$ cat data.tsv   # TSV, C-alpha atoms and all ligand atoms
chain	number	residue	atom	x	y	z
A	11	MET	CA	114.05	124.27	68.67
A	12	HIS	CA	115.56	127.66	67.88
A	13	PRO	CA	119.00	127.11	66.22
A	14	ALA	CA	120.87	128.99	68.97
A	15	PHE	CA	119.81	126.33	71.47
A	16	ALA	CA	120.24	123.28	69.21
A	17	SER	CA	123.52	122.11	70.76
A	18	MET	CA	122.37	122.55	74.37
A	19	ALA	CA	121.79	119.44	76.49
A	20	LEU	CA	118.33	119.79	78.00
A	21	PRO	CA	116.81	117.55	80.70
A	22	PRO	CA	114.59	114.76	79.28
A	23	GLY	CA	111.12	115.99	78.28
A	24	CYS	CA	112.22	119.64	78.20
A	25	ARG	CA	112.00	122.18	75.39
A	26	LEU	CA	113.56	125.65	75.36
A	27	ILE	CA	111.55	128.28	73.51
A	28	ARG	CA	111.62	132.02	72.77
A	29	ILE	CA	108.48	134.08	73.29
A	30	ALA	CA	109.12	135.40	69.76
A	31	ASP	CA	108.34	131.89	68.46
A	32	GLU	CA	105.59	130.82	70.90
A	33	PRO	CA	104.04	133.99	72.39
A	34	GLU	CA	101.27	132.05	74.11
A	35	TRP	CA	103.80	131.06	76.81
A	36	TRP	CA	104.40	134.67	77.91
A	37	ARG	CA	101.54	134.74	80.42
A	38	PRO	CA	102.25	131.33	82.01
A	39	SER	CA	105.96	132.14	82.30
A	40	ASP	CA	105.15	135.53	83.82
A	41	GLU	CA	102.82	133.86	86.34
A	42	MET	CA	105.48	131.32	87.34
A	43	CYS	CA	108.05	134.11	87.78
A	44	SER	CA	105.72	136.30	89.85
A	45	ALA	CA	105.00	133.34	92.14
A	46	VAL	CA	108.67	132.97	93.17
A	47	TRP	CA	108.99	136.49	94.66
A	48	PRO	CA	107.95	137.79	98.07
A	49	GLU	CA	104.99	140.15	97.62
A	50	PHE	CA	106.94	143.38	98.29
A	51	MET	CA	109.29	142.60	95.37
A	52	LEU	CA	106.30	142.91	93.01
A	53	HIS	CA	105.84	146.61	93.83
A	54	ASP	CA	108.76	148.22	92.03
A	55	PRO	CA	107.27	151.06	89.93
A	56	VAL	CA	110.04	150.79	87.32
A	57	ALA	CA	109.19	147.14	86.70
A	58	ASP	CA	105.47	148.02	86.56
A	59	ARG	CA	106.15	150.69	83.92
A	60	CYS	CA	108.66	148.83	81.78
A	61	TRP	CA	107.61	145.16	81.98
A	62	HIS	CA	105.24	145.10	79.00
A	63	HIS	CA	108.09	146.06	76.66
A	64	LEU	CA	109.70	142.67	77.25
A	65	ASN	CA	107.15	140.66	75.30
A	66	GLU	CA	105.90	143.49	73.08
A	67	VAL	CA	109.27	144.82	71.90
A	68	TRP	CA	111.92	142.18	72.67
A	69	PRO	CA	110.19	138.75	72.53
A	70	GLU	CA	113.35	137.20	71.06
A	71	PHE	CA	115.12	137.66	74.42
A	72	GLN	CA	112.36	136.18	76.63
A	73	LEU	CA	112.99	132.45	77.13
A	74	VAL	CA	110.96	129.65	78.65
A	75	LEU	CA	111.99	126.11	79.58
A	76	LEU	CA	108.94	123.89	79.09
A	77	GLU	CA	108.66	120.47	80.65
A	78	GLU	CA	106.33	117.91	79.13
A	79	SER	CA	104.95	114.90	80.97
A	80	GLY	CA	102.14	112.95	79.32
A	81	THR	CA	99.63	115.46	77.98
A	82	GLN	CA	100.71	118.20	80.41
A	83	THR	CA	103.20	120.96	79.59
A	84	ARG	CA	104.41	123.29	82.32
A	85	VAL	CA	106.90	126.14	82.78
A	86	ALA	CA	109.97	124.83	84.63
A	87	ALA	CA	112.10	127.97	84.27
A	88	ALA	CA	112.07	131.31	82.50
A	89	SER	CA	114.37	134.24	81.82
A	90	GLN	CA	113.86	137.81	80.71
A	91	ALA	CA	116.32	140.32	79.26
A	92	ALA	CA	116.36	143.63	77.41
A	93	PRO	CA	119.05	145.07	75.12
A	94	LEU	CA	120.84	148.38	75.63
A	95	ALA	CA	123.89	150.33	74.49
A	96	TRP	CA	126.93	150.11	76.75
A	97	THR	CA	130.44	151.42	76.13
A	98	GLY	CA	132.08	148.40	77.78
A	99	GLN	CA	133.44	150.61	80.56
A	100	ASP	CA	132.49	149.69	84.13
A	101	GLY	CA	131.73	153.36	84.79
A	102	ASP	CA	129.03	153.27	82.11
A	103	LEU	CA	127.07	150.50	83.84
A	104	PRO	CA	123.72	151.86	85.08
A	105	GLU	CA	123.35	152.49	88.83
A	106	GLY	CA	121.35	149.30	89.23
A	107	TRP	CA	118.55	147.09	87.92
A	108	ASP	CA	115.93	149.87	87.80
A	109	CYS	CA	118.22	152.20	85.84
A	110	GLN	CA	119.26	149.41	83.46
A	111	PHE	CA	115.63	148.61	82.60
A	112	GLU	CA	114.72	152.31	82.18
A	113	ARG	CA	117.77	152.82	79.96
A	114	SER	CA	116.73	149.95	77.66
A	115	VAL	CA	113.25	151.46	77.27
A	116	ALA	CA	114.49	155.04	76.78
A	117	GLU	CA	117.12	153.99	74.23
A	118	ARG	CA	114.55	152.00	72.29
A	119	ALA	CA	112.28	155.08	72.17
A	120	ALA	CA	115.26	157.09	70.87
A	121	ASP	CA	116.10	154.41	68.25
A	122	ARG	CA	119.58	153.91	69.73
A	123	LEU	CA	121.30	150.79	68.45
A	124	PRO	CA	121.94	148.26	71.26
A	125	ASN	CA	125.19	146.30	71.55
A	126	THR	CA	124.68	144.57	74.92
A	127	LEU	CA	122.07	142.36	76.53
A	128	GLY	CA	120.88	143.35	80.02
A	129	ALA	CA	119.61	140.47	82.17
A	130	ILE	CA	116.32	141.16	83.92
A	131	GLN	CA	115.81	137.90	85.80
A	132	ILE	CA	116.02	134.12	85.78
A	133	CYS	CA	113.42	132.16	87.72
A	134	VAL	CA	113.22	128.43	88.34
A	135	ALA	CA	109.93	126.95	89.58
A	136	ALA	CA	110.21	126.16	93.30
A	137	ASP	CA	109.88	122.40	92.79
A	138	ARG	CA	112.50	122.35	90.01
A	139	ARG	CA	115.40	123.99	91.86
A	140	GLY	CA	118.77	122.46	92.68
A	141	ARG	CA	119.06	120.67	89.30
A	142	GLY	CA	121.24	123.15	87.43
A	143	LEU	CA	118.35	124.72	85.48
A	144	SER	CA	119.56	128.23	86.34
A	145	SER	CA	122.91	127.59	84.60
A	146	LEU	CA	121.04	126.29	81.60
A	147	MET	CA	118.86	129.42	81.39
A	148	LEU	CA	121.92	131.65	81.81
A	149	GLU	CA	123.67	129.81	78.97
A	150	ALA	CA	120.56	130.24	76.80
A	151	MET	CA	120.48	133.96	77.62
A	152	ARG	CA	124.16	134.29	76.67
A	153	ARG	CA	123.45	132.53	73.37
A	154	THR	CA	120.63	134.93	72.44
A	155	ALA	CA	123.04	137.81	73.07
A	156	VAL	CA	125.72	136.23	70.87
A	157	GLU	CA	123.12	135.56	68.18
A	158	ALA	CA	122.13	139.24	68.24
A	159	GLY	CA	125.79	140.15	67.67
A	160	PHE	CA	126.23	141.69	71.13
A	161	GLY	CA	129.63	141.87	72.83
A	162	ALA	CA	128.47	141.36	76.41
A	163	LEU	CA	125.71	140.29	78.75
A	164	ILE	CA	125.46	142.53	81.81
A	165	ALA	CA	123.57	141.51	84.93
A	166	CYS	CA	122.73	143.35	88.13
A	167	VAL	CA	122.45	140.08	90.03
A	168	ARG	CA	120.22	139.59	93.08
A	169	PRO	CA	122.43	137.38	95.30
A	170	THR	CA	120.11	134.74	96.72
A	171	ASP	CA	121.91	134.01	100.01
A	172	LYS	CA	122.23	137.71	100.96
A	173	VAL	CA	118.84	137.07	102.56
A	174	GLY	CA	120.75	135.45	105.44
A	175	HIS	CA	123.06	138.47	105.82
A	176	PRO	CA	120.75	141.50	105.57
A	177	ASN	CA	123.02	143.83	107.56
A	178	MET	CA	126.22	143.16	105.61
A	179	PRO	CA	127.05	145.98	103.14
A	180	ILE	CA	126.62	144.71	99.58
A	181	GLU	CA	130.13	145.87	98.62
A	182	GLN	CA	131.51	143.49	101.27
A	183	TYR	CA	129.09	140.66	100.35
A	184	ALA	CA	130.03	140.96	96.65
A	185	CYS	CA	133.70	140.24	97.52
A	186	TRP	CA	132.98	137.37	99.94
A	187	GLN	CA	134.73	134.25	98.64
A	188	ARG	CA	134.90	130.63	99.70
A	189	ALA	CA	138.23	128.88	100.29
A	190	ASP	CA	138.18	127.70	96.64
A	191	GLY	CA	138.14	131.32	95.42
A	192	LEU	CA	134.54	131.20	94.14
A	193	PRO	CA	131.93	133.63	95.49
A	194	PHE	CA	130.21	132.71	98.75
A	195	ASP	CA	126.84	133.36	97.14
A	196	PRO	CA	125.51	130.43	95.04
A	197	TRP	CA	123.85	132.62	92.42
A	198	LEU	CA	126.99	134.73	91.93
A	199	ARG	CA	128.86	131.41	91.60
A	200	VAL	CA	126.60	130.35	88.74
A	201	HIS	CA	127.44	133.58	86.87
A	202	VAL	CA	131.20	133.29	87.58
A	203	ARG	CA	131.26	129.68	86.40
A	204	ALA	CA	129.52	130.80	83.19
A	205	GLY	CA	132.35	133.29	82.57
A	206	ALA	CA	131.25	136.50	84.32
A	207	ARG	CA	133.33	138.81	86.47
A	208	ILE	CA	132.11	140.72	89.51
A	209	VAL	CA	132.29	144.48	89.02
A	210	ARG	CA	130.84	146.03	92.21
A	211	GLY	CA	127.97	146.08	94.65
A	212	SER	CA	124.89	148.11	93.76
A	213	PRO	CA	123.32	149.17	97.11
A	214	ARG	CA	120.23	150.79	95.55
A	215	SER	CA	119.56	148.56	92.56
A	216	MET	CA	115.77	148.56	92.97
A	217	THR	CA	113.67	150.96	95.07
A	218	ILE	CA	110.41	149.81	96.62
A	219	SER	CA	108.42	152.37	98.56
A	220	GLY	CA	105.01	152.10	100.18
A	221	SER	CA	102.83	153.43	102.99
A	222	VAL	CA	103.09	151.70	106.36
A	223	ALA	CA	99.72	150.02	105.66
A	224	GLU	CA	101.04	148.72	102.32
A	225	TRP	CA	104.16	147.28	103.98
A	226	HIS	CA	101.89	145.60	106.53
A	227	GLU	CA	99.80	144.17	103.67
A	228	TRP	CA	102.92	142.97	101.77
A	229	THR	CA	104.70	141.40	104.76
A	230	GLY	CA	102.07	140.70	107.44
A	231	LEU	CA	104.29	142.58	109.91
A	232	ASP	CA	103.35	145.36	112.34
A	233	PHE	CA	105.61	148.39	112.51
A	234	PRO	CA	105.08	149.92	115.97
A	235	ALA	CA	108.00	152.38	115.76
A	236	SER	CA	110.11	154.07	113.11
A	237	GLY	CA	113.38	152.35	112.25
A	238	PRO	CA	114.89	149.45	110.28
A	239	TYR	CA	112.97	146.16	110.06
A	240	LEU	CA	114.04	142.75	108.82
A	241	VAL	CA	111.47	141.37	106.41
A	242	GLU	CA	111.31	137.84	105.02
A	243	GLY	CA	112.87	137.64	101.56
A	244	ALA	CA	114.58	141.05	101.83
A	245	LEU	CA	118.34	141.39	101.33
A	246	ALA	CA	118.59	144.50	103.53
A	247	PRO	CA	116.40	146.11	106.22
A	248	VAL	CA	113.26	148.06	105.28
A	249	GLU	CA	113.36	151.58	106.76
A	250	ILE	CA	110.02	152.59	108.27
A	251	ASP	CA	109.16	156.24	108.97
A	252	LEU	CA	105.86	156.44	110.85
A	253	ALA	CA	105.67	160.26	110.78
A	254	ALA	CA	105.99	160.27	106.98
A	255	ASP	CA	103.81	157.13	106.67
A	256	ARG	CA	106.49	155.59	104.45
A	257	GLY	CA	108.53	152.44	104.27
A	258	ILE	CA	111.43	152.32	101.85
A	259	TYR	CA	113.52	149.38	100.70
A	260	PHE	CA	116.55	149.34	98.44
A	261	ASP	CA	117.29	145.91	96.95
A	262	PRO	CA	121.10	145.50	96.96
A	263	ASN	CA	122.49	143.67	93.92
A	264	VAL	CA	125.88	142.89	92.41
A	265	TRP	CA	126.99	144.09	88.97
A	266	MET	CA	128.44	141.31	86.85
A	267	VAL	CA	129.70	141.38	83.27
A	268	HIS	CA	129.76	138.39	80.92
A	269	PRO	CA	132.14	139.17	78.07
A	270	LEU	CA	130.99	137.33	74.94
A	271	SER	CA	133.11	136.24	71.99
A	272	GLY	CA	136.21	136.69	74.18
A	273	ALA	CA	135.94	140.49	74.24
A	274	ASP	CA	135.10	142.66	77.24
A	275	SER	CA	134.36	145.66	75.11
A	276	PRO	CA	131.02	145.53	73.35
A	277	ALA	CA	132.06	148.71	71.59
A	278	ASP	CA	134.40	146.44	69.57
A	279	GLN	CA	131.49	144.25	68.50
A	280	ALA	CA	128.90	146.69	67.26
A	281	PRO	CA	128.92	150.46	66.81
A	282	LEU	CA	126.88	152.65	69.14
A	283	ALA	CA	124.33	154.72	67.27
B	1	LIG	C1	118.31	131.54	91.96
B	1	LIG	C2	117.65	130.40	91.17
B	1	LIG	C3	117.40	130.90	89.76
B	1	LIG	C4	118.65	129.23	91.18
B	1	LIG	O1	118.05	128.20	90.41
B	1	LIG	P1	118.44	126.64	90.56
B	1	LIG	O2	118.11	126.00	89.26
B	1	LIG	O3	117.85	126.08	91.78
B	1	LIG	O4	120.02	126.71	90.77
B	1	LIG	P2	121.03	125.56	90.44
B	1	LIG	O5	120.45	124.21	90.66
B	1	LIG	O6	121.62	125.87	89.09
B	1	LIG	O7	122.10	125.84	91.57
B	1	LIG	C5	122.83	127.01	91.55
B	1	LIG	C6	123.67	127.10	92.79
B	1	LIG	O8	122.79	127.34	93.88
B	1	LIG	C7	122.92	126.31	94.86
B	1	LIG	N1	121.60	126.04	95.38
B	1	LIG	C8	120.58	125.46	94.74
B	1	LIG	N2	119.51	125.40	95.54
B	1	LIG	C9	119.90	125.98	96.70
B	1	LIG	C10	119.23	126.25	97.92
B	1	LIG	N3	117.96	125.90	98.12
B	1	LIG	N4	119.91	126.89	98.88
B	1	LIG	C11	121.20	127.26	98.70
B	1	LIG	N5	121.87	127.04	97.56
B	1	LIG	C12	121.22	126.41	96.58
B	1	LIG	C13	123.49	125.12	94.13
B	1	LIG	O9	124.17	124.30	95.02
B	1	LIG	C14	124.40	125.81	93.12
B	1	LIG	O10	125.60	126.22	93.68
B	1	LIG	P3	126.89	125.26	93.61
B	1	LIG	O11	126.79	124.52	92.30
B	1	LIG	O12	128.05	126.18	93.63
B	1	LIG	O13	126.78	124.41	94.79
B	1	LIG	C15	116.35	129.92	91.84
B	1	LIG	O14	116.60	129.62	93.18
B	1	LIG	C16	115.22	130.93	91.76
B	1	LIG	O15	114.47	130.98	90.79
B	1	LIG	N6	115.06	131.77	92.81
B	1	LIG	C17	114.02	132.79	92.86
B	1	LIG	C18	114.27	133.90	91.85
B	1	LIG	C19	115.67	134.45	91.96
B	1	LIG	O16	116.17	134.77	93.04
B	1	LIG	N7	116.32	134.58	90.80
B	1	LIG	C20	117.68	135.11	90.73
B	1	LIG	C21	117.69	136.60	90.69
B	1	LIG	S1	116.99	137.22	89.20

$ encode --input "data.tsv" --output "structure tokens"
Amino acid sequence: MHPAFASMALPPGCRLIRIADEPEWWRPSDEMCSAVWPEFMLHDPVADRCWHHLNEVWPEFQLVLLEESGTQTRVAAASQAAPLAWTGQDGDLPEGWDCQFERSVAERAADRLPNTLGAIQICVAADRRGRGLSSLMLEAMRRTAVEAGFGALIACVRPTDKVGHPNMPIEQYACWQRADGLPFDPWLRVHVRAGARIVRGSPRSMTISGSVAEWHEWTGLDFPASGPYLVEGALAPVEIDLAADRGIYFDPNVWMVHPLSGADSPADQAPLA
């Protein structure tokens, strides 16, 4: 077990690894993660362009929870993240998930020193959900950031229950609280309980664009007229334009900041190159 995870309580039969230590688990973890998303979510060109950097450049931040039973070992959960430089000011957060990922890649190419970890995703296998594994993966992600000497983990979080409220503006959804003061959304709650604060909604965090035929292929739906359509798994309507033969979807997310080591300013933790 990597030392950063040594004090973590894992479910029986589970092992938490970094791709840096056991690279052979990259492909199986990637396959499990791809399987949890609706097809259209796998057509973000930024993700297509940047994804390979995760295991090639930053394998120490790609984590896998393995579950062993008898002679079988399987991927129960996985998380991906990429480092970047951030001033610690809310205004310096990227526009959304796409911009965050592109910034990590561009800064790496420019040899800029990172001081922050940017979450990419956490996925729990469908038959392993509802057991607190997402909190465990988030804690592991936070620990890798602390180990790297970073002052914060930032996350443009995809709120899972927004799927039931596709027409609500994300700025409003981000502020929606239960009577106990915790966020309405269960995935935002996991981040808040881990120590994060909500910064703002990000209405255009990811952009997915395709021809009308591609949207039909991805969703199985027919689009007889131009206009907004509700699609299974989407957090907002997909806008179809028949004349332009284009469907466009903006995945709305919520910016959250996890201060680490008690500081909210990563600039205090490590200098920006
Ligand atoms: C989001 C995800 C990571 C949560 O994983 P998980 O291990 O099932 O979550 P947990 O067991 O830690 O539960 C987290 C919260 O979600 C709630 N929850 C769990 N399963 C739920 C379900 N099916 N429906 C609604 N809420 C649910 C839990 O009650 C808990 O909230 P609470 O403690 O305040 O009640 C998992 O559902 C997943 O992989 N989804 C697909 C990928 C994704 O959306 N990832 C997040 C964006 S990157």

$ closest_atom_pairs --input "data.tsv" --of "chain A" --to "ligand LIG 1 (chain B)" --cutoff "10 Å" --atoms "all atoms listed in the file" --output "JSON lines"
{"residue": "A:Met42", "atom": "CA", "partner": "B:LIG1", "partner_atom": "O15", "distance": 9.6}
{"residue": "A:Cys43", "atom": "CA", "partner": "B:LIG1", "partner_atom": "C18", "distance": 7.4}
{"residue": "A:Ser44", "atom": "CA", "partner": "B:LIG1", "partner_atom": "C18", "distance": 9.1}
{"residue": "A:Ala45", "atom": "CA", "partner": "B:LIG1", "partner_atom": "C17", "distance": 9.1}
{"residue": "A:Val46", "atom": "CA", "partner": "B:LIG1", "partner_atom": "C17", "distance": 5.4}
{"residue": "A:Trp47", "atom": "CA", "partner": "B:LIG1", "partner_atom": "C17", "distance": 6.5}
{"residue": "A:Pro48", "atom": "CA", "partner": "B:LIG1", "partner_atom": "C17", "distance": 9.4}
{"residue": "A:Ala86", "atom": "CA", "partner": "B:LIG1", "partner_atom": "O2", "distance": 9.4}
{"residue": "A:Ala87", "atom": "CA", "partner": "B:LIG1", "partner_atom": "O15", "distance": 7.6}
{"residue": "A:Ala88", "atom": "CA", "partner": "B:LIG1", "partner_atom": "O15", "distance": 8.6}
{"residue": "A:Ser89", "atom": "CA", "partner": "B:LIG1", "partner_atom": "S1", "distance": 8.4}
{"residue": "A:Gln90", "atom": "CA", "partner": "B:LIG1", "partner_atom": "S1", "distance": 9.1}
{"residue": "A:Ala129", "atom": "CA", "partner": "B:LIG1", "partner_atom": "S1", "distance": 8.2}
{"residue": "A:Ile130", "atom": "CA", "partner": "B:LIG1", "partner_atom": "S1", "distance": 6.6}
{"residue": "A:Gln131", "atom": "CA", "partner": "B:LIG1", "partner_atom": "S1", "distance": 3.7}
{"residue": "A:Ile132", "atom": "CA", "partner": "B:LIG1", "partner_atom": "S1", "distance": 4.7}
{"residue": "A:Cys133", "atom": "CA", "partner": "B:LIG1", "partner_atom": "O15", "distance": 3.5}
{"residue": "A:Val134", "atom": "CA", "partner": "B:LIG1", "partner_atom": "O15", "distance": 3.8}
{"residue": "A:Ala135", "atom": "CA", "partner": "B:LIG1", "partner_atom": "O15", "distance": 6.2}
{"residue": "A:Ala136", "atom": "CA", "partner": "B:LIG1", "partner_atom": "O15", "distance": 6.9}
{"residue": "A:Asp137", "atom": "CA", "partner": "B:LIG1", "partner_atom": "O3", "distance": 8.8}
{"residue": "A:Arg138", "atom": "CA", "partner": "B:LIG1", "partner_atom": "O2", "distance": 6.7}
{"residue": "A:Arg139", "atom": "CA", "partner": "B:LIG1", "partner_atom": "O3", "distance": 3.2}
{"residue": "A:Gly140", "atom": "CA", "partner": "B:LIG1", "partner_atom": "O5", "distance": 3.2}
{"residue": "A:Arg141", "atom": "CA", "partner": "B:LIG1", "partner_atom": "O5", "distance": 4.0}
{"residue": "A:Gly142", "atom": "CA", "partner": "B:LIG1", "partner_atom": "O6", "distance": 3.2}
{"residue": "A:Leu143", "atom": "CA", "partner": "B:LIG1", "partner_atom": "O2", "distance": 4.0}
{"residue": "A:Ser144", "atom": "CA", "partner": "B:LIG1", "partner_atom": "O2", "distance": 3.9}
{"residue": "A:Ser145", "atom": "CA", "partner": "B:LIG1", "partner_atom": "O6", "distance": 5.0}
{"residue": "A:Leu146", "atom": "CA", "partner": "B:LIG1", "partner_atom": "O6", "distance": 7.5}
{"residue": "A:Met147", "atom": "CA", "partner": "B:LIG1", "partner_atom": "O2", "distance": 8.6}
{"residue": "A:Leu148", "atom": "CA", "partner": "B:LIG1", "partner_atom": "C3", "distance": 9.2}
{"residue": "A:Ala165", "atom": "CA", "partner": "B:LIG1", "partner_atom": "S1", "distance": 8.9}
{"residue": "A:Cys166", "atom": "CA", "partner": "B:LIG1", "partner_atom": "S1", "distance": 8.5}
{"residue": "A:Val167", "atom": "CA", "partner": "B:LIG1", "partner_atom": "C21", "distance": 5.9}
{"residue": "A:Arg168", "atom": "CA", "partner": "B:LIG1", "partner_atom": "C21", "distance": 4.6}
{"residue": "A:Pro169", "atom": "CA", "partner": "B:LIG1", "partner_atom": "C21", "distance": 6.7}
{"residue": "A:Thr170", "atom": "CA", "partner": "B:LIG1", "partner_atom": "O16", "distance": 5.4}
{"residue": "A:Asp171", "atom": "CA", "partner": "B:LIG1", "partner_atom": "C11", "distance": 6.9}
{"residue": "A:Leu192", "atom": "CA", "partner": "B:LIG1", "partner_atom": "O12", "distance": 8.2}
{"residue": "A:Pro193", "atom": "CA", "partner": "B:LIG1", "partner_atom": "O12", "distance": 8.6}
{"residue": "A:Phe194", "atom": "CA", "partner": "B:LIG1", "partner_atom": "O12", "distance": 8.6}
{"residue": "A:Asp195", "atom": "CA", "partner": "B:LIG1", "partner_atom": "O8", "distance": 8.0}
{"residue": "A:Pro196", "atom": "CA", "partner": "B:LIG1", "partner_atom": "O8", "distance": 4.3}
{"residue": "A:Trp197", "atom": "CA", "partner": "B:LIG1", "partner_atom": "C6", "distance": 5.5}
{"residue": "A:Leu198", "atom": "CA", "partner": "B:LIG1", "partner_atom": "C6", "distance": 8.4}
{"residue": "A:Arg199", "atom": "CA", "partner": "B:LIG1", "partner_atom": "O12", "distance": 5.7}
{"residue": "A:Val200", "atom": "CA", "partner": "B:LIG1", "partner_atom": "C5", "distance": 5.8}
{"residue": "A:His201", "atom": "CA", "partner": "B:LIG1", "partner_atom": "C5", "distance": 9.3}
{"residue": "A:Val202", "atom": "CA", "partner": "B:LIG1", "partner_atom": "O12", "distance": 9.9}
{"residue": "A:Arg203", "atom": "CA", "partner": "B:LIG1", "partner_atom": "O12", "distance": 8.7}
{"residue": "A:Gly243", "atom": "CA", "partner": "B:LIG1", "partner_atom": "O16", "distance": 9.6}
{"residue": "A:Asn263", "atom": "CA", "partner": "B:LIG1", "partner_atom": "C21", "distance": 9.1}

$ atom_distance --input "data.tsv" --atom1 "atom CA of Trp68 of chain A" --atom2 "atom CA of Ala162 of chain A"
17.0 Å

$ atom_distance --input "data.tsv" --atom1 "atom CA of Trp107 of chain A" --atom2 "atom CA of Ser215 of chain A"
5.0 Å

$ atom_distance --input "data.tsv" --atom1 "atom CA of Ala184 of chain A" --atom2 "atom CA of Ser212 of chain A"
9.3 Å

$ residues_around --input "data.tsv" --residues "Tyr183 of chain A" --least-positions-apart "3" --cutoff "8 Å" --atoms "all atoms listed in the file" --output "CSV table (one decimal) with C-alpha atoms, in the coordinates of the input"
chain,number,residue,atom,x,y,z
A,172,LYS,CA,122.2,137.7,101.0
A,178,MET,CA,126.2,143.2,105.6
A,179,PRO,CA,127.0,146.0,103.1
A,180,ILE,CA,126.6,144.7,99.6
A,186,TRP,CA,133.0,137.4,99.9
A,211,GLY,CA,128.0,146.1,94.6

$ closest_residue --input "data.tsv" --among "A:Asp40, A:Asp261, A:Glu112, A:Asp190" --to "Gln72 of chain A" --atoms "only C-alpha atoms"
A:Asp40

$ residues_near_point --input "data.tsv" --point "(108.3, 156.4, 107.2)" --cutoff "9 Å" --atoms "all atoms listed in the file" --output "PDB file with C-alpha atoms, in the coordinates of the input"
ATOM      1  CA  GLY A 220     105.010 152.100 100.180  1.00  0.00           C
ATOM      2  CA  SER A 221     102.830 153.430 102.990  1.00  0.00           C
ATOM      3  CA  VAL A 222     103.090 151.700 106.360  1.00  0.00           C
ATOM      4  CA  SER A 236     110.110 154.070 113.110  1.00  0.00           C
ATOM      5  CA  GLY A 237     113.380 152.350 112.250  1.00  0.00           C
ATOM      6  CA  GLU A 249     113.360 151.580 106.760  1.00  0.00           C
ATOM      7  CA  ILE A 250     110.020 152.590 108.270  1.00  0.00           C
ATOM      8  CA  ASP A 251     109.160 156.240 108.970  1.00  0.00           C
ATOM      9  CA  LEU A 252     105.860 156.440 110.850  1.00  0.00           C
ATOM     10  CA  ALA A 253     105.670 160.260 110.780  1.00  0.00           C
ATOM     11  CA  ALA A 254     105.990 160.270 106.980  1.00  0.00           C
ATOM     12  CA  ASP A 255     103.810 157.130 106.670  1.00  0.00           C
ATOM     13  CA  ARG A 256     106.490 155.590 104.450  1.00  0.00           C
ATOM     14  CA  GLY A 257     108.530 152.440 104.270  1.00  0.00           C
ATOM     15  CA  ILE A 258     111.430 152.320 101.850  1.00  0.00           C
TER      16      ILE A 258
END
